[in-house]
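Trainee: Following this line is run-v9.csv, made up of CSV, C-alpha atoms:
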```csv
chain,number,residue,atom,x,y,z
T,244,MET,CA,-43.0,-27.0,0.6
T,245,VAL,CA,-41.8,-29.9,2.8
T,246,GLU,CA,-42.9,-29.4,6.5
T,247,LEU,CA,-40.4,-30.4,9.1
T,248,PRO,CA,-41.6,-32.1,12.3
T,249,TYR,CA,-41.7,-29.4,14.9
T,250,GLY,CA,-45.0,-30.3,16.6
T,251,LYS,CA,-43.5,-33.2,18.6
T,252,ARG,CA,-40.3,-34.2,20.2
T,253,HIS,CA,-37.8,-35.9,17.9
T,254,ALA,CA,-34.6,-37.8,18.4
T,255,LEU,CA,-32.4,-35.0,17.2
T,256,SER,CA,-33.4,-32.9,20.2
T,257,SER,CA,-31.5,-35.2,22.5
T,258,VAL,CA,-28.2,-34.7,20.7
T,259,ARG,CA,-25.6,-33.1,23.1
T,260,PRO,CA,-24.0,-29.8,22.1
T,261,GLY,CA,-20.6,-31.2,22.5
T,262,THR,CA,-21.4,-34.2,20.3
T,263,ALA,CA,-22.8,-31.9,17.5
T,264,LEU,CA,-19.7,-29.7,17.6
T,265,ALA,CA,-17.3,-32.6,17.6
T,266,ALA,CA,-19.0,-34.3,14.7
T,267,GLY,CA,-19.1,-30.9,12.9
T,268,VAL,CA,-15.4,-30.2,13.4
T,269,ALA,CA,-14.6,-33.8,12.2
T,270,GLY,CA,-16.7,-33.2,9.1
T,271,SER,CA,-15.0,-29.9,8.4
T,272,ALA,CA,-11.6,-31.6,8.7
T,273,LEU,CA,-12.9,-34.4,6.3
T,274,LEU,CA,-14.1,-31.8,3.7
T,275,THR,CA,-10.7,-30.0,4.0
T,276,GLY,CA,-8.9,-33.3,3.4
T,277,LEU,CA,-11.0,-33.9,0.4
T,278,ILE,CA,-10.0,-30.6,-1.2
T,279,TRP,CA,-6.4,-31.4,-0.4
T,280,LEU,CA,-6.6,-34.8,-2.0
T,281,LEU,CA,-8.3,-33.7,-5.1
T,282,GLY,CA,-6.3,-30.5,-5.3
T,283,GLN,CA,-3.3,-32.3,-6.5
T,284,ARG,CA,-5.0,-32.5,-10.0
T,285,LEU,CA,-4.8,-28.7,-10.3
T,286,HIS,CA,-1.0,-28.3,-10.4
T,287,GLY,CA,-1.1,-28.1,-14.2
T,288,ILE,CA,-3.3,-24.9,-14.3
T,289,THR,CA,-1.3,-22.0,-15.8
T,290,LEU,CA,-1.6,-18.7,-13.9
T,291,LEU,CA,-0.3,-15.2,-14.4
T,292,PRO,CA,2.7,-14.0,-12.4
T,293,ASP,CA,2.1,-12.5,-9.0
T,294,GLN,CA,1.6,-8.7,-9.3
T,295,GLY,CA,1.6,-7.5,-5.7
T,296,ALA,CA,-0.5,-7.4,-2.5
T,297,SER,CA,-3.7,-6.4,-4.2
T,298,TRP,CA,-3.4,-9.1,-6.8
T,299,TYR,CA,-5.1,-12.5,-6.3
T,300,TYR,CA,-2.9,-15.1,-7.9
T,301,TRP,CA,-5.3,-18.0,-8.3
T,302,LYS,CA,-7.5,-17.0,-11.2
T,303,LEU,CA,-7.4,-17.9,-14.9
T,304,PRO,CA,-5.5,-15.6,-17.3
T,305,GLU,CA,-8.4,-15.9,-19.8
T,306,PRO,CA,-11.8,-16.4,-18.1
T,307,THR,CA,-14.9,-17.3,-20.1
T,308,VAL,CA,-18.6,-16.9,-19.7
T,309,TRP,CA,-18.8,-20.4,-18.4
T,310,THR,CA,-16.1,-20.0,-15.8
T,311,ARG,CA,-17.7,-16.9,-14.5
T,312,LEU,CA,-21.3,-18.2,-14.6
T,313,SER,CA,-20.4,-21.5,-12.8
T,314,ALA,CA,-18.8,-19.6,-9.9
T,315,TRP,CA,-21.5,-16.9,-9.6
T,316,ALA,CA,-24.4,-19.3,-10.1
T,317,GLY,CA,-23.1,-21.7,-7.5
T,318,TYR,CA,-22.5,-18.9,-5.0
T,319,ALA,CA,-25.9,-17.4,-5.6
T,320,ALA,CA,-27.7,-20.7,-5.1
T,321,HIS,CA,-25.6,-21.5,-1.9
T,322,GLN,CA,-26.3,-18.0,-0.5
T,323,VAL,CA,-30.1,-18.0,-1.2
T,324,ALA,CA,-30.4,-21.5,0.2
T,325,PHE,CA,-28.6,-20.5,3.4
T,326,TRP,CA,-30.6,-17.3,3.8
T,327,TRP,CA,-33.9,-19.3,3.3
T,328,MET,CA,-32.9,-21.8,6.0
T,329,ILE,CA,-32.1,-18.9,8.5
T,330,HIS,CA,-35.4,-17.2,7.6
T,331,TYR,CA,-37.3,-20.5,8.1
T,332,ALA,CA,-35.7,-21.0,11.5
T,333,ARG,CA,-36.4,-17.5,12.6
T,334,THR,CA,-40.1,-17.5,11.5
T,335,ARG,CA,-41.1,-21.1,11.9
T,336,VAL,CA,-39.0,-22.7,14.6
T,337,ARG,CA,-38.2,-19.7,16.8
T,338,ARG,CA,-37.2,-21.7,19.9
T,339,HIS,CA,-33.8,-22.8,21.2
T,340,THR,CA,-33.1,-26.4,22.0
T,341,THR,CA,-30.3,-28.3,23.7
T,342,GLY,CA,-30.0,-30.7,20.8
T,343,LEU,CA,-30.7,-30.2,17.1
T,344,HIS,CA,-33.8,-29.2,15.1
T,345,PRO,CA,-34.5,-31.0,11.8
T,346,ILE,CA,-33.7,-27.7,10.0
T,347,ASN,CA,-30.2,-27.9,11.5
T,348,VAL,CA,-29.6,-31.2,9.8
T,349,VAL,CA,-30.9,-29.8,6.6
T,350,ALA,CA,-28.6,-26.8,6.9
T,351,LEU,CA,-25.6,-29.1,7.6
T,352,ALA,CA,-26.4,-31.3,4.6
T,353,VAL,CA,-27.0,-28.3,2.3
T,354,ASN,CA,-23.7,-26.6,3.2
T,355,ALA,CA,-21.8,-29.9,2.8
T,356,GLY,CA,-23.5,-30.4,-0.6
T,357,PHE,CA,-22.4,-26.9,-1.8
T,358,VAL,CA,-18.9,-27.5,-0.6
T,359,ALA,CA,-18.8,-30.6,-2.8
T,360,LEU,CA,-20.4,-28.6,-5.7
T,361,HIS,CA,-17.7,-25.8,-5.4
T,362,THR,CA,-15.0,-28.4,-5.4
T,363,LEU,CA,-16.4,-30.0,-8.5
T,364,GLN,CA,-16.8,-26.5,-10.1
T,365,THR,CA,-13.2,-25.8,-9.4
T,366,HIS,CA,-12.0,-28.9,-11.2
T,367,LEU,CA,-14.3,-28.3,-14.2
T,368,PHE,CA,-14.0,-24.5,-14.5
T,369,TYR,CA,-11.4,-23.5,-11.9
T,370,ASP,CA,-12.3,-19.8,-11.3
T,371,GLY,CA,-14.0,-18.5,-8.1
T,372,LEU,CA,-15.5,-15.1,-7.6
T,373,ALA,CA,-12.0,-13.6,-7.4
T,374,GLN,CA,-12.0,-13.1,-11.1
T,375,ASP,CA,-14.5,-10.3,-10.8
T,376,VAL,CA,-14.1,-8.8,-7.3
T,377,SER,CA,-11.3,-7.4,-5.2
T,378,ILE,CA,-9.3,-9.5,-2.8
T,379,TYR,CA,-10.1,-6.9,-0.1
T,380,SER,CA,-13.8,-7.8,-0.3
T,381,SER,CA,-13.0,-11.3,0.8
T,382,GLN,CA,-10.8,-10.2,3.6
T,383,GLY,CA,-13.2,-7.4,4.6
T,384,SER,CA,-16.1,-9.8,4.9
T,385,VAL,CA,-14.4,-11.8,7.7
T,386,VAL,CA,-13.2,-8.6,9.4
T,387,LEU,CA,-16.8,-7.3,9.4
T,388,LEU,CA,-18.0,-10.6,10.9
T,389,LEU,CA,-15.5,-10.2,13.8
T,390,VAL,CA,-16.5,-6.6,14.3
T,391,VAL,CA,-20.2,-7.5,14.5
T,392,VAL,CA,-19.3,-10.1,17.2
T,393,LEU,CA,-17.6,-7.4,19.3
T,394,LEU,CA,-20.7,-5.3,19.0
T,395,MET,CA,-23.1,-8.1,19.8
T,396,GLU,CA,-21.1,-9.2,22.9
T,397,ASN,CA,-20.7,-5.7,24.3
T,398,ARG,CA,-23.2,-6.1,27.1
T,399,ARG,CA,-22.0,-9.6,28.2
T,400,ARG,CA,-18.2,-9.1,28.2
T,401,GLY,CA,-17.7,-5.4,27.6
T,402,LEU,CA,-15.5,-3.9,24.9
T,403,PHE,CA,-12.5,-2.5,26.9
T,404,LEU,CA,-11.2,-4.6,29.8
T,405,GLY,CA,-14.6,-5.8,30.8
T,406,ARG,CA,-16.3,-2.4,30.5
T,407,PRO,CA,-19.2,-2.0,28.0
T,408,ALA,CA,-19.0,0.7,25.4
T,409,PRO,CA,-22.0,3.1,25.4
T,410,LEU,CA,-23.9,1.3,22.6
T,411,GLY,CA,-27.7,1.6,22.5
T,412,ARG,CA,-29.7,-1.5,23.4
T,413,GLU,CA,-31.7,-1.2,20.2
T,414,ILE,CA,-28.5,-1.3,18.1
T,415,VAL,CA,-27.2,-4.4,19.8
T,416,ASP,CA,-30.5,-6.2,19.7
T,417,PHE,CA,-30.8,-5.5,16.0
T,418,ALA,CA,-27.4,-7.0,15.4
T,419,ARG,CA,-28.2,-10.0,17.5
T,420,ARG,CA,-31.5,-10.5,15.7
T,421,TYR,CA,-30.2,-10.4,12.1
T,422,HIS,CA,-26.5,-11.3,12.4
T,423,GLY,CA,-27.1,-14.7,10.9
T,424,TYR,CA,-27.8,-13.2,7.4
T,425,LEU,CA,-24.5,-11.2,7.5
T,426,PHE,CA,-22.4,-14.1,8.9
T,427,SER,CA,-23.7,-16.6,6.4
T,428,TRP,CA,-22.9,-14.1,3.6
T,429,ALA,CA,-19.3,-13.6,5.0
T,430,ALA,CA,-18.7,-17.4,5.1
T,431,VAL,CA,-20.4,-18.3,1.8
T,432,TYR,CA,-18.9,-15.4,-0.2
T,433,THR,CA,-15.4,-16.0,1.1
T,434,PHE,CA,-15.7,-19.7,0.4
T,435,TRP,CA,-16.8,-19.1,-3.2
T,436,TYR,CA,-14.2,-16.3,-3.7
T,437,HIS,CA,-11.4,-18.9,-3.8
T,438,PRO,CA,-11.1,-21.9,-6.1
T,439,ALA,CA,-10.8,-25.2,-4.2
T,440,GLU,CA,-7.0,-25.1,-4.3
T,441,ALA,CA,-4.8,-27.3,-2.1
T,442,THR,CA,-2.2,-24.8,-1.0
T,443,SER,CA,-1.5,-24.6,2.8
T,444,GLY,CA,-3.1,-21.1,2.9
T,445,HIS,CA,-6.2,-22.2,1.1
T,446,LEU,CA,-6.6,-25.3,3.2
T,447,ILE,CA,-6.3,-23.3,6.5
T,448,GLY,CA,-8.8,-20.8,5.2
T,449,PHE,CA,-11.3,-23.4,4.0
T,450,PHE,CA,-11.2,-25.2,7.3
T,451,TYR,CA,-12.0,-21.9,9.0
T,452,MET,CA,-14.8,-21.2,6.6
T,453,PHE,CA,-16.2,-24.7,7.2
T,454,LEU,CA,-16.2,-24.0,11.0
T,455,LEU,CA,-18.2,-20.8,10.3
T,456,LEU,CA,-20.6,-22.7,8.1
T,457,LEU,CA,-21.0,-25.2,10.9
T,458,GLN,CA,-21.7,-22.5,13.4
T,459,GLY,CA,-24.2,-20.9,11.0
T,460,SER,CA,-26.0,-24.3,10.6
T,461,LEU,CA,-26.5,-24.8,14.3
T,462,PHE,CA,-28.8,-21.8,14.8
T,463,LEU,CA,-31.3,-22.0,17.7
T,464,THR,CA,-29.2,-24.6,19.5
T,465,ARG,CA,-27.1,-24.5,22.7
T,466,ALA,CA,-24.0,-25.5,20.6
T,467,HIS,CA,-24.5,-22.2,18.6
T,468,THR,CA,-24.0,-20.1,21.8
T,469,ALA,CA,-21.5,-22.3,23.7
T,470,ARG,CA,-19.1,-19.7,25.1
T,471,TRP,CA,-15.8,-21.5,24.5
T,472,TRP,CA,-16.8,-22.6,21.0
T,473,THR,CA,-17.7,-19.1,19.9
T,474,LEU,CA,-14.4,-17.8,21.4
T,475,THR,CA,-12.6,-20.6,19.4
T,476,LEU,CA,-14.1,-19.3,16.2
T,477,GLU,CA,-13.0,-15.7,17.0
T,478,LEU,CA,-9.4,-16.9,17.9
T,479,THR,CA,-9.1,-19.1,14.8
T,480,VAL,CA,-8.3,-16.0,12.8
T,481,VAL,CA,-5.1,-15.6,14.9
T,482,VAL,CA,-3.9,-19.0,13.6
T,483,HIS,CA,-5.1,-18.3,10.0
T,484,GLY,CA,-3.7,-14.8,9.8
T,485,THR,CA,-0.4,-15.6,11.3
T,486,LEU,CA,0.3,-18.7,9.3
T,487,VAL,CA,-0.7,-17.2,6.0
T,488,ALA,CA,1.5,-14.2,6.7
T,489,VAL,CA,4.4,-16.5,7.4
T,490,MET,CA,3.7,-18.5,4.2
T,491,THR,CA,3.5,-15.4,2.0
T,492,SER,CA,6.2,-13.2,3.4
T,493,GLY,CA,8.5,-15.6,5.3
T,494,PRO,CA,9.7,-15.5,9.0
T,495,ASP,CA,10.9,-11.9,8.6
T,496,GLY,CA,7.6,-10.7,7.3
T,497,MET,CA,4.6,-9.0,9.1
T,498,TRP,CA,3.3,-12.1,10.9
T,499,PRO,CA,3.8,-10.6,14.4
T,500,MET,CA,1.3,-7.8,13.5
T,501,PHE,CA,-1.4,-10.5,12.9
T,502,LEU,CA,-0.4,-12.6,15.9
T,503,PHE,CA,-0.2,-9.9,18.4
T,504,GLY,CA,-2.9,-7.8,16.8
T,505,PHE,CA,-5.6,-10.4,17.1
T,506,LEU,CA,-4.3,-11.6,20.4
T,507,GLY,CA,-4.5,-8.0,21.6
T,508,VAL,CA,-8.2,-8.1,20.9
T,509,PHE,CA,-8.4,-11.2,23.0
T,510,VAL,CA,-6.6,-9.5,26.0
T,511,ILE,CA,-8.6,-6.3,25.7
T,512,THR,CA,-12.0,-7.8,25.1
T,513,GLN,CA,-12.5,-11.5,24.5
T,514,MET,CA,-11.0,-13.0,27.6
T,515,HIS,CA,-13.3,-10.9,29.9
T,516,GLY,CA,-16.4,-12.9,28.9
T,517,LEU,CA,-15.1,-16.3,30.1
T,518,GLY,CA,-15.6,-16.0,33.8
T,519,LEU,CA,-11.9,-16.0,34.5
T,520,SER,CA,-10.6,-14.7,37.8
T,521,ARG,CA,-8.8,-11.3,37.8
T,522,ALA,CA,-5.5,-13.1,38.6
T,523,VAL,CA,-5.8,-15.3,35.6
T,524,ARG,CA,-6.6,-12.4,33.4
T,525,TRP,CA,-3.6,-10.4,34.7
T,526,LEU,CA,-1.4,-13.5,34.0
T,527,LEU,CA,-2.6,-13.8,30.4
T,528,ALA,CA,-2.1,-10.1,29.9
T,529,ALA,CA,1.5,-10.3,31.3
T,530,GLY,CA,2.2,-13.3,29.1
T,531,TYR,CA,1.0,-11.4,26.1
T,532,ALA,CA,3.1,-8.3,26.8
T,533,GLY,CA,6.2,-10.4,27.6
T,534,ALA,CA,5.9,-12.5,24.3
T,535,LEU,CA,5.4,-9.3,22.3
T,536,MET,CA,8.5,-7.6,23.7
T,537,ILE,CA,10.6,-10.8,23.2
T,538,VAL,CA,9.6,-11.2,19.6
T,539,TYR,CA,10.1,-7.6,18.6
T,540,ALA,CA,13.4,-7.4,20.6
T,541,LEU,CA,14.7,-10.4,18.6
T,542,ARG,CA,13.6,-8.6,15.4
T,543,GLY,CA,15.4,-5.5,16.5
T,544,ASP,CA,12.3,-3.4,16.6
T,545,LEU,CA,11.3,-3.1,20.2
T,546,LEU,CA,10.2,0.5,20.0
T,547,GLY,CA,8.2,0.1,16.8
T,548,GLY,CA,6.7,-3.3,17.5
T,549,PRO,CA,3.9,-2.2,19.9
T,550,GLY,CA,2.8,0.4,17.3
T,551,GLU,CA,2.5,-2.3,14.7
T,552,ALA,CA,0.7,-4.7,17.0
T,553,ILE,CA,-2.0,-2.1,17.9
T,554,ARG,CA,-3.1,-1.6,14.3
T,555,ILE,CA,-5.6,-4.5,14.1
T,556,PRO,CA,-7.2,-3.8,17.5
T,557,ALA,CA,-7.4,-0.1,16.6
T,558,ILE,CA,-9.1,-0.8,13.2
T,559,GLU,CA,-11.6,-3.2,14.8
T,560,TYR,CA,-12.6,-0.9,17.6
T,561,VAL,CA,-13.0,2.1,15.2
T,562,LEU,CA,-15.1,-0.1,13.0
T,563,VAL,CA,-17.3,-1.1,15.9
T,564,GLY,CA,-18.0,2.6,16.4
T,565,VAL,CA,-18.6,3.3,12.7
T,566,LEU,CA,-21.0,0.3,12.5
T,567,ALA,CA,-22.9,1.4,15.6
T,568,VAL,CA,-23.4,4.9,14.1
T,569,LEU,CA,-24.6,3.4,10.8
T,570,LEU,CA,-27.0,1.0,12.5
T,571,TRP,CA,-28.3,3.9,14.7
T,572,ALA,CA,-28.9,6.0,11.6
T,573,GLY,CA,-30.5,3.2,9.7
T,574,LEU,CA,-32.9,2.4,12.6
T,575,ARG,CA,-33.8,6.0,13.0
T,576,VAL,CA,-34.5,6.5,9.3
T,577,ALA,CA,-36.6,3.3,9.4
T,578,ARG,CA,-38.6,4.6,12.4
T,579,LEU,CA,-39.2,7.9,10.7
T,580,MET,CA,-40.4,6.2,7.5
T,581,ARG,CA,-42.9,4.0,9.5
T,582,GLY,CA,-44.3,7.2,11.0
T,583,PRO,CA,-45.8,7.6,14.5
T,584,ARG,CA,-47.4,4.5,16.0
T,585,THR,CA,-51.0,4.4,17.1
```
Mind turning the file's structure into structure tokens?

Mentor:
Amino acid sequence: MVELPYGKRHALSSVRPGTALAAGVAGSALLTGLIWLLGQRLHGITLLPDQGASWYYWKLPEPTVWTRLSAWAGYAAHQVAFWWMIHYARTRVRRHTTGLHPINVVALAVNAGFVALHTLQTHLFYDGLAQDVSIYSSQGSVVLLLVVVLLMENRRRGLFLGRPAPLGREIVDFARRYHGYLFSWAAVYTFWYHPAEATSGHLIGFFYMFLLLLQGSLFLTRAHTARWWTLTLELTVVVHGTLVAVMTSGPDGMWPMFLFGFLGVFVITQMHGLGLSRAVRWLLAAGYAGALMIVYALRGDLLGGPGEAIRIPAIEYVLVGVLAVLLWAGLRVARLMRGPRT
């Protein structure tokens, strides 16, 4: 095994968090542009007609062993490599730095390499994991990621208007300690679920996934915990969800549910961890409520609109509770299996 130089100070440790993030975002945009450029070659692929909301359109009508194997083998290799790097950082590095560790550079290079590999795999075999698993598994993985973030940040910013939910310290600490494995799975799985198509919806989604891969690659650095950066990652789902809804269902579709649903989570929870004054928070809340009423009034659904907008926050907060109970039960079972300590 190659040993990375952790016994002495290295040049990477002086890299500023802002510089690392700016370079990472630029690289994510470059990779997205590469998929867009090469994706023009995929227009000749013949696909089955759309069959409804639970149908994923971008998959071959007649998959083969090789199309399936190429997608699953690439995903498995990417996932195992990412999990190994996280494990290495947790067990061998274990300390935070202002700049970068050598393992961060390795992680960035490995993730970029697998992005290129999946792009090549798409052009050779086309299919992603979508051929064999439900579309809801891809969407659910990102929702689970967002829910775990709400749980992890409960002590710092609270869950409801700055007030923490009564979640046990052991539960939150467990989530903080091992969240990297779950988050890397959510990003890698969702990335390999889709072929590297160049539709607007795919490109927006890929850019979001690349930002999550960037975040995962910057473990144990100040950039990884930068407050405004992590909030940006949480709020990117607002842009992605809203634009994809507009693209798939048009301006009269359900895009307000995604826009005001995810922004509702921001008003209820996320903005309270930014150190904003009470006046600024009231102003943001008033702006949110005003925009919601205007949009639904123009759609002729002022009475039903708030009920639609509350769906996403309600689902996320219920899932936080369910996840907390499951973690509590799992930790309790693990404690019982270990038996009494000496």

Trainee: Would you list the contacts of range 427-433 of chain T as a ChimeraX atom specification, taking every protein, DNA or RNA residue within 7 Å and counting only C-alpha atoms, but skipping same-chain residues closer than 6 positions in sequence?

Mentor: /T:318,322,325,381,384-385,388,452,455-456,459

Trainee: Those residues you just picked out, can you put them in a file as a PDB file, in the coordinates of the input with C-alpha atoms?

Mentor:
```
ATOM      1  CA  TYR T 318     -22.500 -18.900  -5.000  1.00  0.00           C
ATOM      2  CA  GLN T 322     -26.300 -18.000  -0.500  1.00  0.00           C
ATOM      3  CA  PHE T 325     -28.600 -20.500   3.400  1.00  0.00           C
ATOM      4  CA  SER T 381     -13.000 -11.300   0.800  1.00  0.00           C
ATOM      5  CA  SER T 384     -16.100  -9.800   4.900  1.00  0.00           C
ATOM      6  CA  VAL T 385     -14.400 -11.800   7.700  1.00  0.00           C
ATOM      7  CA  LEU T 388     -18.000 -10.600  10.900  1.00  0.00           C
ATOM      8  CA  MET T 452     -14.800 -21.200   6.600  1.00  0.00           C
ATOM      9  CA  LEU T 455     -18.200 -20.800  10.300  1.00  0.00           C
ATOM     10  CA  LEU T 456     -20.600 -22.700   8.100  1.00  0.00           C
ATOM     11  CA  GLY T 459     -24.200 -20.900  11.000  1.00  0.00           C
TER      12      GLY T 459
END
```

Trainee: Restrict the calculation to all atoms listed in the file, then for each residue of range 419-490 of chain T with any atom at most 8 Å from an atom of range 350-354 of chain T give the closest atom pair and their distance in Å to one decimal, rows by chain and rising residue number, as a tab-separated table.

Mentor:
```
residue	atom	partner	partner_atom	distance
T:Leu456	CA	T:Asn354	CA	7.0
T:Leu457	CA	T:Leu351	CA	6.9
T:Ser460	CA	T:Ala350	CA	5.2
T:Leu461	CA	T:Ala350	CA	7.9
```

Trainee: What's around range 470-477 of chain T at 9 Å? Count all atoms listed in the file, leave out sequence neighbours fewer than 5 positions away in its own chain, and write the answer as a ChimeraX atom specification.

Mentor: /T:264,389,392,451,454-455,458,509,513-514,516-517

Trainee: Of the candidates T:Val523, T:Ala540, T:Met395, T:Val358, which one gets nearest to Ile278 in chain T if we count all atoms listed in the file?

Mentor: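 Going through T:Val523, T:Ala540, T:Met395, T:Val358 one by one, the smallest distance to Ile278 in chain T is for T:Val358.
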
Trainee: Find the spatial neighbours of Phe501 in chain T, counting all atoms listed in the file, within a cut-off of 12 Å - ignore same-chain residues fewer than 2 positions away - and output them as a PyMOL selection string.

Mentor: chain T and resi 478-489+496-499+503-508+535+548+551-556

Trainee: Please measure the separation of CA of Leu574 in chain T and CA of Ala408 in chain T, giving the value in Å to one decimal.

Mentor: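 CA of Ala408 in chain T lies 19.0 Å from CA of Leu574 in chain T.
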
Trainee: Tell me which of T:Gly550, T:Gly317, T:Gly295, T:Pro260 sits closest to Ser492 in chain T, counting only C-alpha atoms.

Mentor: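 Checking each of T:Gly550, T:Gly317, T:Gly295, T:Pro260 against Ser492 in chain T, counting only C-alpha atoms, the winner is T:Gly295.
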
Trainee: Using all atoms listed in the file, which residues sit within 10 Å of His339 in chain T once same-chain residues fewer than 5 positions away are excluded, as a ChimeraX atom specification?

Mentor: /T:344,462-465,467

Trainee: List as a count of residues only the protein and nucleic acid residues near Gly276 in chain T, meaning an atom at most 10 Å away when only C-alpha atoms are counted, but skip any in the same chain fewer than 5 places from it.

Mentor: 7

Trainee: Can you work out which one of T:Tyr531, T:Tyr331, T:Phe368, T:Trp571 has the shortest atom-to-atom distance to Gly411 in chain T, counting only C-alpha atoms?

Mentor: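 For Gly411 in chain T, the nearest of the given residues is T:Trp571.
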